[in-house]
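The file my_file_23.txt comes next; it holds compact mmCIF, C-alpha atoms and all ligand atoms.
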```txt
# COMPACT_ATOMS: atom_id res chain seq x y z
CA MET P 1 -66.17 -51.83 -1.82
CA SER P 2 -69.69 -52.75 -0.80
CA ASP P 3 -72.38 -50.10 -0.82
CA GLU P 4 -74.23 -50.70 2.43
CA SER P 5 -77.40 -49.09 3.71
CA SER P 6 -77.45 -47.24 7.02
CA GLN P 7 -79.31 -50.21 8.63
CA GLU P 8 -76.59 -52.59 7.50
CA ILE P 9 -73.80 -50.39 8.78
CA ARG P 10 -75.61 -49.75 12.06
CA GLN P 11 -75.95 -53.49 12.66
CA ARG P 12 -72.38 -54.23 11.71
CA ARG P 13 -70.85 -51.37 13.68
CA LYS P 14 -72.88 -52.12 16.77
CA ASP P 15 -70.21 -51.17 19.31
CA SER P 16 -68.98 -47.99 17.62
CA THR P 17 -69.48 -44.55 19.14
CA LYS P 18 -70.40 -43.21 15.70
CA TRP P 19 -73.52 -45.34 15.38
CA ASN P 20 -74.56 -45.33 19.05
CA ASN P 21 -74.42 -41.71 20.06
CA TYR P 22 -77.64 -40.59 18.36
CA PRO P 23 -81.16 -42.04 17.96
CA GLU P 24 -81.74 -44.62 15.23
CA ASP P 25 -83.60 -42.16 12.99
CA THR P 26 -80.47 -39.99 12.77
CA VAL P 27 -77.70 -40.55 10.23
CA PRO P 28 -74.28 -40.07 11.87
CA LEU P 29 -71.56 -38.37 9.83
CA TRP P 30 -69.51 -37.11 12.73
CA VAL P 31 -66.53 -38.78 14.47
CA ALA P 32 -63.51 -39.42 12.22
CA ASP P 33 -63.57 -43.08 11.42
CA MET P 34 -64.72 -44.85 8.27
CA ASP P 35 -67.76 -47.04 7.68
CA LEU P 36 -65.68 -49.12 5.26
CA PHE P 37 -64.29 -52.62 5.87
CA VAL P 38 -60.66 -52.82 6.97
CA PRO P 39 -58.18 -54.64 4.68
CA ALA P 40 -58.63 -58.41 4.35
CA SER P 41 -55.11 -59.22 5.58
CA VAL P 42 -55.80 -57.22 8.75
CA MET P 43 -59.07 -59.07 9.39
CA SER P 44 -57.46 -62.47 8.95
CA GLU P 45 -54.31 -61.77 11.01
CA LEU P 46 -56.39 -60.30 13.83
CA SER P 47 -58.77 -63.28 13.78
CA GLU P 48 -55.82 -65.66 13.90
CA ALA P 49 -54.28 -63.83 16.86
CA VAL P 50 -57.65 -63.96 18.67
CA ASN P 51 -58.11 -67.65 17.86
CA ARG P 52 -54.64 -68.39 19.24
CA SER P 53 -55.52 -66.32 22.33
CA ASP P 54 -52.30 -64.44 21.68
CA LEU P 55 -53.57 -61.37 23.50
CA GLY P 56 -50.96 -60.89 26.19
CA TYR P 57 -48.32 -58.16 26.34
CA PRO P 58 -46.76 -57.63 22.92
CA SER P 59 -43.20 -58.76 22.16
CA LYS P 60 -40.31 -56.43 21.36
CA ARG P 61 -40.32 -58.08 17.91
CA LEU P 62 -43.89 -56.87 17.30
CA TYR P 63 -43.03 -53.30 18.39
CA ASP P 64 -40.02 -53.30 16.08
CA ARG P 65 -42.05 -54.75 13.22
CA TYR P 66 -44.68 -51.99 13.64
CA LEU P 67 -42.14 -49.15 13.73
CA ASN P 68 -40.24 -50.62 10.82
CA ALA P 69 -43.45 -50.96 8.79
CA ILE P 70 -44.35 -47.29 9.46
CA ASN P 71 -40.91 -46.12 8.46
CA THR P 72 -40.68 -48.25 5.32
CA TRP P 73 -44.13 -47.02 4.28
CA THR P 74 -43.02 -43.42 4.92
CA TYR P 75 -39.98 -43.93 2.73
CA GLU P 76 -41.84 -45.61 -0.11
CA ARG P 77 -44.75 -43.18 -0.10
CA PHE P 78 -43.15 -39.88 0.88
CA GLY P 79 -39.47 -40.44 0.10
CA TYR P 80 -38.39 -39.75 3.65
CA LEU P 81 -36.96 -41.98 6.36
CA TYR P 82 -37.25 -41.11 10.05
CA GLU P 83 -34.36 -42.10 12.34
CA GLN P 84 -35.60 -45.57 13.27
CA GLU P 85 -34.23 -45.50 16.82
CA GLN P 86 -35.96 -42.17 17.45
CA LEU P 87 -39.42 -43.54 16.67
CA GLU P 88 -41.45 -44.22 19.80
CA PRO P 89 -44.61 -46.33 20.01
CA ILE P 90 -47.57 -44.84 21.86
CA GLY P 91 -51.24 -45.69 22.40
CA ASP P 92 -52.66 -42.81 20.44
CA ILE P 93 -51.93 -39.49 18.84
CA VAL P 94 -53.97 -37.38 21.25
CA GLN P 95 -51.79 -38.68 24.06
CA ALA P 96 -48.70 -37.73 22.06
CA ILE P 97 -50.11 -34.21 21.53
CA TYR P 98 -50.64 -33.78 25.28
CA TRP P 99 -47.18 -35.18 26.01
CA ALA P 100 -45.42 -32.81 23.59
CA VAL P 101 -47.54 -29.73 24.39
CA SER P 102 -46.96 -30.11 28.11
CA THR P 103 -43.24 -30.85 28.00
CA LEU P 104 -41.77 -28.72 25.19
CA PRO P 105 -40.66 -25.21 26.22
CA GLY P 106 -42.69 -22.04 25.92
CA ASP P 107 -45.98 -20.85 27.40
CA ALA P 108 -47.72 -20.29 24.08
CA VAL P 109 -48.90 -22.87 21.57
CA ILE P 110 -49.67 -21.49 18.13
CA PHE P 111 -51.99 -23.31 15.75
CA ALA P 112 -54.29 -22.62 12.84
CA SER P 113 -58.02 -22.42 13.41
CA PRO P 114 -60.47 -24.00 12.85
CA ALA P 115 -58.72 -26.86 14.63
CA TYR P 116 -59.16 -30.42 15.85
CA PRO P 117 -60.78 -29.91 19.31
CA PRO P 118 -58.06 -31.71 21.37
CA PHE P 119 -55.61 -29.04 20.15
CA PHE P 120 -57.52 -26.50 22.29
CA ARG P 121 -57.93 -28.89 25.21
CA SER P 122 -54.30 -30.02 25.33
CA VAL P 123 -53.04 -26.44 25.57
CA LYS P 124 -55.62 -25.35 28.12
CA GLU P 125 -55.09 -28.39 30.32
CA SER P 126 -51.31 -27.90 30.16
CA ASN P 127 -51.86 -24.39 31.53
CA LYS P 128 -50.38 -22.85 28.42
CA THR P 129 -51.77 -20.10 26.21
CA ILE P 130 -53.70 -20.83 23.03
CA VAL P 131 -52.64 -18.61 20.13
CA THR P 132 -54.76 -19.27 17.09
CA THR P 133 -54.16 -17.95 13.63
CA GLU P 134 -57.34 -18.15 11.60
CA MET P 135 -57.09 -19.71 8.15
CA GLN P 136 -58.39 -17.65 5.24
CA LEU P 137 -60.81 -18.94 2.64
CA ILE P 138 -59.44 -17.91 -0.74
CA ASP P 139 -61.18 -19.21 -3.89
CA GLY P 140 -62.73 -22.09 -1.97
CA VAL P 141 -59.42 -23.14 -0.39
CA TYR P 142 -58.40 -22.54 3.23
CA ARG P 143 -54.90 -21.13 3.55
CA MET P 144 -52.64 -20.25 6.43
CA ASN P 145 -52.34 -16.52 7.08
CA MET P 146 -48.54 -16.21 6.92
CA ASP P 147 -48.41 -12.59 8.16
CA ASP P 148 -50.51 -13.47 11.16
CA LEU P 149 -48.45 -16.59 11.84
CA LYS P 150 -45.27 -14.55 11.67
CA GLU P 151 -46.66 -11.96 14.07
CA SER P 152 -47.73 -14.68 16.52
CA ALA P 153 -44.27 -16.27 16.32
CA ARG P 154 -42.62 -12.88 16.81
CA GLN P 155 -44.63 -12.37 19.99
CA SER P 156 -43.85 -15.85 21.37
CA PRO P 157 -40.32 -16.81 20.32
CA GLY P 158 -39.13 -20.19 21.57
CA SER P 159 -42.66 -21.52 21.96
CA ILE P 160 -44.59 -24.27 20.15
CA LEU P 161 -46.16 -24.48 16.70
CA LEU P 162 -48.77 -27.24 16.51
CA LEU P 163 -49.33 -28.18 12.87
CA CYS P 164 -51.99 -30.43 11.42
CA ASN P 165 -51.27 -31.48 7.84
CA PRO P 166 -53.39 -32.69 6.06
CA HIS P 167 -55.68 -30.41 7.97
CA ASN P 168 -58.69 -31.43 10.00
CA PRO P 169 -61.34 -29.99 9.52
CA THR P 170 -60.66 -28.00 6.31
CA GLY P 171 -59.13 -30.85 4.30
CA ARG P 172 -56.23 -28.65 3.23
CA VAL P 173 -52.94 -30.28 2.17
CA LEU P 174 -50.01 -27.85 2.43
CA GLU P 175 -47.98 -27.26 -0.71
CA GLU P 176 -44.20 -27.42 -0.45
CA GLU P 177 -43.82 -23.66 -0.75
CA GLU P 178 -46.27 -23.06 2.09
CA LEU P 179 -44.65 -25.65 4.32
CA GLN P 180 -41.31 -24.03 3.55
CA GLN P 181 -42.70 -20.60 4.53
CA ILE P 182 -44.21 -21.97 7.74
CA THR P 183 -41.05 -23.76 8.79
CA ASP P 184 -38.94 -20.70 7.88
CA ILE P 185 -41.05 -18.66 10.29
CA ALA P 186 -40.70 -21.40 12.92
CA MET P 187 -36.92 -21.49 12.52
CA ASP P 188 -36.62 -17.67 12.54
CA TYR P 189 -38.37 -17.54 15.92
CA ASP P 190 -36.94 -20.76 17.42
CA LEU P 191 -40.29 -22.50 17.58
CA TRP P 192 -40.63 -26.20 18.38
CA ILE P 193 -42.91 -27.96 15.93
CA ILE P 194 -45.40 -30.68 16.73
CA SER P 195 -46.53 -32.04 13.38
CA ASP P 196 -49.70 -34.11 13.46
CA GLU P 197 -49.64 -36.07 10.20
CA ILE P 198 -52.25 -38.67 11.10
CA HIS P 199 -54.19 -37.96 7.88
CA ARG P 200 -51.12 -38.10 5.60
CA ASP P 201 -52.31 -41.08 3.53
CA ILE P 202 -55.77 -39.71 2.76
CA VAL P 203 -54.68 -37.33 0.02
CA PHE P 204 -56.43 -37.04 -3.34
CA ASP P 205 -55.01 -36.79 -6.86
CA GLY P 206 -53.37 -33.50 -7.63
CA HIS P 207 -52.07 -33.09 -4.06
CA ARG P 208 -49.03 -34.46 -2.27
CA HIS P 209 -48.26 -34.86 1.40
CA ILE P 210 -44.84 -33.64 2.50
CA PRO P 211 -43.54 -34.72 5.92
CA THR P 212 -42.63 -31.58 7.89
CA ALA P 213 -39.35 -33.11 9.06
CA SER P 214 -38.30 -33.66 5.44
CA ILE P 215 -38.05 -29.91 4.78
CA SER P 216 -34.49 -29.66 6.16
CA PRO P 217 -32.25 -31.23 8.83
CA GLU P 218 -32.65 -28.03 10.87
CA VAL P 219 -36.45 -28.39 10.79
CA ALA P 220 -36.18 -32.13 11.58
CA ARG P 221 -34.16 -31.34 14.71
CA ARG P 222 -37.01 -29.18 16.06
CA THR P 223 -39.98 -31.30 14.92
CA ILE P 224 -41.89 -34.02 16.71
CA SER P 225 -43.84 -35.95 14.09
CA LEU P 226 -47.02 -37.85 14.94
CA LEU P 227 -47.82 -40.90 12.81
CA SER P 228 -50.39 -43.66 12.82
CA ALA P 229 -52.15 -46.32 10.77
CA SER P 230 -55.45 -45.52 12.41
CA LYS P 231 -56.93 -43.08 9.85
CA THR P 232 -55.24 -44.76 6.86
CA PHE P 233 -56.64 -48.22 7.55
CA ASN P 234 -59.53 -47.42 9.87
CA LEU P 235 -58.10 -48.91 13.06
CA ALA P 236 -58.70 -46.15 15.64
CA GLY P 237 -60.25 -48.42 18.26
CA LEU P 238 -57.12 -50.58 18.39
CA HIS P 239 -54.93 -47.84 19.88
CA ALA P 240 -51.53 -47.87 18.26
CA ALA P 241 -49.51 -44.91 17.03
CA ALA P 242 -45.94 -43.64 16.88
CA LEU P 243 -44.05 -40.43 17.24
CA HIS P 244 -40.65 -39.38 16.03
CA ILE P 245 -38.74 -37.46 18.70
CA PRO P 246 -35.41 -36.09 17.48
CA SER P 247 -32.38 -36.51 19.73
CA GLY P 248 -31.03 -33.58 21.72
CA LYS P 249 -33.25 -31.14 23.57
CA PRO P 250 -36.67 -32.40 22.40
CA ARG P 251 -35.84 -35.97 23.45
CA GLN P 252 -34.35 -34.82 26.74
CA LEU P 253 -37.46 -32.78 27.55
CA MET P 254 -39.92 -35.40 26.40
CA GLN P 255 -38.20 -37.96 28.60
CA SER P 256 -38.53 -35.73 31.66
CA ILE P 257 -42.03 -36.98 32.49
CA PRO P 258 -42.66 -40.29 34.24
CA LYS P 259 -43.02 -42.81 31.39
CA GLY P 260 -45.63 -44.67 33.43
CA LEU P 261 -48.11 -41.88 32.68
CA LEU P 262 -48.16 -42.90 29.04
CA SER P 263 -50.02 -45.91 27.73
CA GLY P 264 -48.42 -48.03 25.05
CA PRO P 265 -50.10 -49.50 21.98
CA SER P 266 -52.28 -52.61 22.19
CA SER P 267 -50.91 -55.86 20.79
CA LEU P 268 -53.72 -56.07 18.21
CA GLY P 269 -53.11 -52.44 17.23
CA LEU P 270 -49.41 -53.09 16.60
CA LEU P 271 -50.22 -56.23 14.62
CA ALA P 272 -52.95 -54.57 12.54
CA GLY P 273 -50.80 -51.53 11.76
CA ALA P 274 -47.79 -53.64 10.80
CA VAL P 275 -49.80 -55.98 8.58
CA ALA P 276 -51.60 -53.10 6.87
CA PHE P 277 -48.46 -51.05 6.17
CA GLU P 278 -46.69 -54.16 4.89
CA ASN P 279 -49.44 -55.39 2.55
CA GLU P 280 -52.20 -52.98 1.79
CA LYS P 281 -51.16 -50.32 -0.73
CA THR P 282 -53.81 -51.57 -3.13
CA TRP P 283 -56.52 -51.45 -0.49
CA LEU P 284 -55.59 -47.83 0.16
CA SER P 285 -55.72 -46.94 -3.55
CA ARG P 286 -59.19 -48.47 -3.83
CA THR P 287 -60.33 -46.72 -0.67
CA LEU P 288 -59.07 -43.39 -1.99
CA GLU P 289 -61.04 -43.97 -5.19
CA TYR P 290 -64.15 -44.74 -3.18
CA LEU P 291 -63.70 -41.66 -1.00
CA ASP P 292 -63.02 -39.60 -4.09
CA SER P 293 -66.37 -40.57 -5.58
CA ASN P 294 -68.04 -39.42 -2.36
CA ARG P 295 -66.07 -36.20 -2.60
CA ARG P 296 -67.33 -35.71 -6.15
CA LEU P 297 -70.88 -36.39 -5.05
CA LEU P 298 -70.54 -33.69 -2.41
CA ALA P 299 -68.93 -31.30 -4.89
CA ALA P 300 -71.84 -31.68 -7.35
CA PHE P 301 -74.35 -31.27 -4.53
CA ALA P 302 -72.59 -28.18 -3.15
CA LYS P 303 -72.56 -26.63 -6.60
CA GLU P 304 -76.24 -27.30 -7.23
CA TYR P 305 -77.33 -25.97 -3.84
CA GLU P 306 -74.70 -23.23 -3.61
CA LEU P 307 -73.50 -24.70 -0.36
CA ASN P 308 -70.23 -23.38 1.02
CA ALA P 309 -68.55 -26.77 1.61
CA THR P 310 -64.84 -27.49 1.27
CA ILE P 311 -64.00 -30.30 -1.10
CA PRO P 312 -61.07 -31.83 0.77
CA GLN P 313 -57.63 -32.10 -0.83
CA GLY P 314 -56.84 -34.55 1.94
CA THR P 315 -58.71 -36.18 4.87
CA TYR P 316 -62.27 -37.39 4.45
CA MET P 317 -63.76 -34.27 6.04
CA SER P 318 -65.69 -31.38 4.61
CA TRP P 319 -65.92 -28.13 6.57
CA ILE P 320 -69.24 -26.51 5.76
CA ASP P 321 -70.44 -22.97 6.39
CA PHE P 322 -74.24 -22.97 6.57
CA SER P 323 -74.57 -19.27 7.41
CA HIS P 324 -76.06 -18.29 4.04
CA LYS P 325 -78.35 -21.29 3.89
CA LEU P 326 -80.03 -22.03 7.20
CA SER P 327 -82.17 -19.68 9.31
CA LEU P 328 -80.42 -20.54 12.49
CA ASP P 329 -81.79 -18.00 15.01
CA ASN P 330 -80.00 -19.05 18.17
CA LEU P 331 -79.27 -22.60 17.12
CA SER P 332 -75.91 -23.81 15.91
CA ALA P 333 -75.87 -25.41 12.45
CA TYR P 334 -75.06 -28.66 14.22
CA GLN P 335 -78.14 -28.46 16.47
CA PHE P 336 -80.37 -27.31 13.62
CA LEU P 337 -79.39 -30.26 11.42
CA LEU P 338 -79.69 -32.69 14.29
CA ASN P 339 -83.18 -31.43 15.19
CA TYR P 340 -84.68 -30.95 11.76
CA ALA P 341 -82.70 -33.03 9.23
CA LYS P 342 -81.88 -35.87 11.64
CA LEU P 343 -78.30 -35.61 10.56
CA ALA P 344 -75.45 -35.71 13.08
CA LEU P 345 -72.41 -33.75 11.87
CA SER P 346 -69.59 -32.47 14.12
CA ASN P 347 -70.29 -29.15 15.81
CA GLY P 348 -68.33 -26.27 14.27
CA GLU P 349 -68.15 -24.51 17.65
CA ASP P 350 -65.77 -27.23 18.87
CA PHE P 351 -63.35 -26.43 16.04
CA LEU P 352 -63.79 -22.67 15.93
CA PRO P 353 -64.82 -21.39 19.37
CA LEU P 354 -67.02 -18.25 19.37
CA LYS P 355 -67.22 -18.07 15.56
CA GLY P 356 -68.05 -21.64 14.58
CA MET P 357 -71.81 -21.67 15.22
CA SER P 358 -72.81 -21.70 11.58
CA TYR P 359 -70.22 -24.35 10.65
CA ALA P 360 -70.28 -28.12 10.83
CA ARG P 361 -67.88 -30.86 9.75
CA LEU P 362 -69.16 -33.68 7.58
CA ASN P 363 -67.40 -37.07 7.49
CA LEU P 364 -67.47 -38.40 3.92
CA ALA P 365 -66.09 -41.84 4.79
CA THR P 366 -69.32 -43.76 4.56
CA SER P 367 -71.09 -45.76 1.87
CA HIS P 368 -72.38 -44.01 -1.25
CA GLN P 369 -75.90 -44.90 -0.15
CA VAL P 370 -75.55 -43.30 3.26
CA LEU P 371 -73.98 -40.19 1.82
CA GLU P 372 -76.76 -39.87 -0.76
CA GLU P 373 -79.38 -40.34 1.93
CA SER P 374 -77.68 -37.68 4.06
CA LEU P 375 -77.54 -35.17 1.23
CA ASP P 376 -81.22 -35.88 0.50
CA ARG P 377 -81.98 -35.02 4.10
CA LEU P 378 -80.25 -31.69 3.66
CA LYS P 379 -82.08 -30.71 0.48
CA PRO P 380 -85.35 -29.33 1.93
CA PHE P 381 -83.39 -26.91 4.10
CA LEU P 382 -81.11 -25.64 1.37
CA ALA P 383 -83.58 -24.91 -1.41
CA ASN P 384 -83.86 -21.17 -1.92
C1 LIG P 401 -55.74 -34.33 13.49
C2 LIG P 401 -56.04 -35.51 14.35
N1 LIG P 401 -55.16 -35.90 15.27
C3 LIG P 401 -55.40 -36.97 16.07
C4 LIG P 401 -56.59 -37.68 15.97
C5 LIG P 401 -56.87 -38.82 16.90
O1 LIG P 401 -55.84 -39.74 16.90
P1 LIG P 401 -55.83 -40.89 18.00
O2 LIG P 401 -57.12 -41.62 17.89
O3 LIG P 401 -54.63 -41.72 17.65
O4 LIG P 401 -55.68 -40.21 19.32
C6 LIG P 401 -57.54 -37.29 15.01
C7 LIG P 401 -58.81 -38.01 14.91
O5 LIG P 401 -59.74 -37.56 14.33
C8 LIG P 401 -57.25 -36.18 14.18
O6 LIG P 401 -58.12 -35.78 13.26
```
Structure encoded using structure tokens:
Amino acid sequence: MSDESSQEIRQRRKDSTKWNNYPEDTVPLWVADMDLFVPASVMSELSEAVNRSDLGYPSKRLYDRYLNAINTWTYERFGYLYEQEQLEPIGDIVQAIYWAVSTLPGDAVIFASPAYPPFFRSVKESNKTIVTTEMQLIDGVYRMNMDDLKESARQSPGSILLLCNPHNPTGRVLEEEELQQITDIAMDYDLWIISDEIHRDIVFDGHRHIPTASISPEVARRTISLLSASKTFNLAGLHAAALHIPSGKPRQLMQSIPKGLLSGPSSLGLLAGAVAFENEKTWLSRTLEYLDSNRRLLAAFAKEYELNATIPQGTYMSWIDFSHKLSLDNLSAYQFLLNYAKLALSNGEDFLPLKGMSYARLNLATSHQVLEESLDRLKPFLAN
């Protein structure tokens, strides 16, 4: 993995939102994509497709290859196989969230907070009710509040539970016992589960991702699983994802909307995802090592400066509480760091409305150099 400077990355990523949204003197560690190169086989297959001008509508063979590659990967990595004919291609996961939130039964959608901002938007824009259950920070680890979740489920039986595992922004990876508890609650109160597992491959040593649908056949029958190569292999701009919709009521309901409202994956996205899942286990291992060294760098920094930052078990995000460190007055931590440290993190208020002002999310998926530079920029504001 090359260790590029911010100037090098800025030049290379010249059409990315990450490197264009803020002035050049600001280091961007916000939106969730990586500043790392995609796998070599993906670069060469995409270049070949472009050189052949093979950019028309994708063939059924390419769709099948993509879905098969996702499922084979799932089996080899997580020991679980989705029903192949119940996997559906889609342009992106956010679209799948909106689709499922708006069509599954129930007026309430329960999810843990802080949460990925489109979780809030999808529920609001579907005219449903947001029910958040705030995660609890226990010994540096964010955990679901099971009593609160149970109470929310009790008050909204038959509604929707929107899970994100591994969790953005806290970096939490649910243990089997917790996932069992959560799905028990869901089954007890007849909840439908939407399980966003987009970050499932970015999991560090000592932790293990468990597909929600693998918990039991009963859980699988009530779970819509959202899957993608986009975080794993850094392909978000290519727009390709998949969802597993079990047969029976979920499939019937999901099919009730006009299919023409949904956009399918791009041909290059299908190709890139298929090639990556078929060939790039080693690339992923090396990428996880690289991200892990950034994680360690952050951990050492947080310890030295007594910064309340999560060291992610999964995802390449750290959720940071700056309340004890910065004199914020009326500024959010995000605005403060943007103004004074020239550092663009993601605004905590978007993940934790009303209470998130002192929080920000930091994206660790950059070069060592850029991360070091960013932490250096933080130092003057954290010294006691
Ligand atoms: C939890 C989660 N779901 C979905 C997405 C976006 O997926 P897509 O680009 O396929 O819509 C992200 C991106 O950050 C995410 O963190």
Chain P residues near ligand LIG 401 (chain P) within 6 Å, closest pair each, using only C-alpha atoms and all ligand atoms, as a Markdown table:
```
| residue | atom | partner | partner_atom | distance |
| --- | --- | --- | --- | --- |
| P:Ala32 | CA | P:LIG401 | O5 | 4.7 |
| P:Asp92 | CA | P:LIG401 | O3 | 3.6 |
| P:Ile93 | CA | P:LIG401 | O3 | 3.7 |
| P:Val94 | CA | P:LIG401 | O4 | 3.8 |
| P:Tyr116 | CA | P:LIG401 | C1 | 5.7 |
| P:Cys164 | CA | P:LIG401 | C1 | 5.8 |
| P:Asn168 | CA | P:LIG401 | C1 | 5.4 |
| P:Ile198 | CA | P:LIG401 | N1 | 5.8 |
| P:Ala236 | CA | P:LIG401 | O2 | 5.3 |
```
Emit the selected residues as an mmCIF file, keeping the file's coordinate frame, including C-alpha atoms.
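result_6.cif, written as the output of this step:
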```cif
data_model
loop_
_atom_site.group_PDB
_atom_site.id
_atom_site.type_symbol
_atom_site.label_atom_id
_atom_site.label_comp_id
_atom_site.auth_asym_id
_atom_site.auth_seq_id
_atom_site.Cartn_x
_atom_site.Cartn_y
_atom_site.Cartn_z
ATOM 1 C CA ALA P 32 -63.510 -39.420 12.220
ATOM 2 C CA ASP P 92 -52.660 -42.810 20.440
ATOM 3 C CA ILE P 93 -51.930 -39.490 18.840
ATOM 4 C CA VAL P 94 -53.970 -37.380 21.250
ATOM 5 C CA TYR P 116 -59.160 -30.420 15.850
ATOM 6 C CA CYS P 164 -51.990 -30.430 11.420
ATOM 7 C CA ASN P 168 -58.690 -31.430 10.000
ATOM 8 C CA ILE P 198 -52.250 -38.670 11.100
ATOM 9 C CA ALA P 236 -58.700 -46.150 15.640
#
```
What gap, in Å, lies between CA of Pro265 in chain P and CA of Thr232 in chain P?
-> 16.7 Å
Residues of range 84-155 of chain P within 9 Å of range 67-72 of chain P: nearest atom pair and distance (Å, one decimal) for each, counting only C-alpha atoms, sorted by chain and number, as JSON lines?
```
{"residue": "P:Gln84", "atom": "CA", "partner": "P:Asn71", "partner_atom": "CA", "distance": 7.2}
{"residue": "P:Leu87", "atom": "CA", "partner": "P:Leu67", "partner_atom": "CA", "distance": 6.9}
{"residue": "P:Glu88", "atom": "CA", "partner": "P:Leu67", "partner_atom": "CA", "distance": 7.9}
{"residue": "P:Pro89", "atom": "CA", "partner": "P:Leu67", "partner_atom": "CA", "distance": 7.3}
```
Identify which of the residues P:Pro114, P:Pro157, P:Pro312, P:Pro105 lies closest to Leu253 in chain P, counting all atoms listed in the file when measuring atom-to-atom distances.
->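 Selected residue with least distance to Leu253 in chain P: P:Pro105.
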List the neighbours of Leu291 in chain P out to 8 Å using all atoms listed in the file; skip same-chain residues closer than 5 positions along the sequence, and give me the result as a PyMOL selection string.
-> chain P and resi 316+364-365
Close residues, His244 in chain P itself excluded, 6 Å, only C-alpha atoms, min 6 positions apart in chain, as a ChimeraX atom specification | /P:86-87,224-225
Shortest interatomic distance to Trp192 in chain P - which of P:Arg295, P:Arg12, P:His239, P:Lys249, counting all atoms listed in the file =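 Residue with the minimum atom-to-atom distance to Trp192 in chain P: P:Lys249.
Proximity of P:Met317, P:Met254, P:Leu174, P:Ala300 to Pro211 in chain P, computed with all atoms listed in the file, is greatest for P:Leu174.
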Find the spatial neighbours of Phe204 in chain P, counting all atoms listed in the file, within a cut-off of 10 Å - ignore same-chain residues fewer than 2 positions away - and output them as a list in words.
-> Val173, Asp201, Ile202, Gly206, His207, Arg208, His209, Ser285, Leu288, Glu289, Leu291, Asp292, Arg295, Pro312, Gln313, Gly314, Thr315 and Tyr316 of chain P
Keeping only C-alpha atoms, write the selected residues as an mmCIF file, in the frame of the given file.
```cif
data_model
loop_
_atom_site.group_PDB
_atom_site.id
_atom_site.type_symbol
_atom_site.label_atom_id
_atom_site.label_comp_id
_atom_site.auth_asym_id
_atom_site.auth_seq_id
_atom_site.Cartn_x
_atom_site.Cartn_y
_atom_site.Cartn_z
ATOM 1 C CA VAL P 173 -52.940 -30.280 2.170
ATOM 2 C CA ASP P 201 -52.310 -41.080 3.530
ATOM 3 C CA ILE P 202 -55.770 -39.710 2.760
ATOM 4 C CA GLY P 206 -53.370 -33.500 -7.630
ATOM 5 C CA HIS P 207 -52.070 -33.090 -4.060
ATOM 6 C CA ARG P 208 -49.030 -34.460 -2.270
ATOM 7 C CA HIS P 209 -48.260 -34.860 1.400
ATOM 8 C CA SER P 285 -55.720 -46.940 -3.550
ATOM 9 C CA LEU P 288 -59.070 -43.390 -1.990
ATOM 10 C CA GLU P 289 -61.040 -43.970 -5.190
ATOM 11 C CA LEU P 291 -63.700 -41.660 -1.000
ATOM 12 C CA ASP P 292 -63.020 -39.600 -4.090
ATOM 13 C CA ARG P 295 -66.070 -36.200 -2.600
ATOM 14 C CA PRO P 312 -61.070 -31.830 0.770
ATOM 15 C CA GLN P 313 -57.630 -32.100 -0.830
ATOM 16 C CA GLY P 314 -56.840 -34.550 1.940
ATOM 17 C CA THR P 315 -58.710 -36.180 4.870
ATOM 18 C CA TYR P 316 -62.270 -37.390 4.450
#
```
Give the answer as one residue: which of P:Thr103, P:Asn21, P:Gln11, P:Ser47 has the shortest atom-to-atom distance to Pro258 in chain P, using only C-alpha atoms?
->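 The closest residue to Pro258 in chain P is P:Thr103.
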Contacts of range 357-363 of chain P at 8 Å or less, counting all atoms listed in the file, minus same-chain residues fewer than 5 places along, as a list of chain:residue names?
-> P:Leu29, P:Trp30, P:Val31, P:Ala32, P:Pro169, P:Tyr316, P:Met317, P:Ser318, P:Trp319, P:Ile320, P:Asp321, P:Phe322, P:Ser323, P:Leu328, P:Leu331, P:Ser332, P:Ala333, P:Tyr334, P:Leu345, P:Ser346, P:Asn347, P:Gly348, P:Glu349
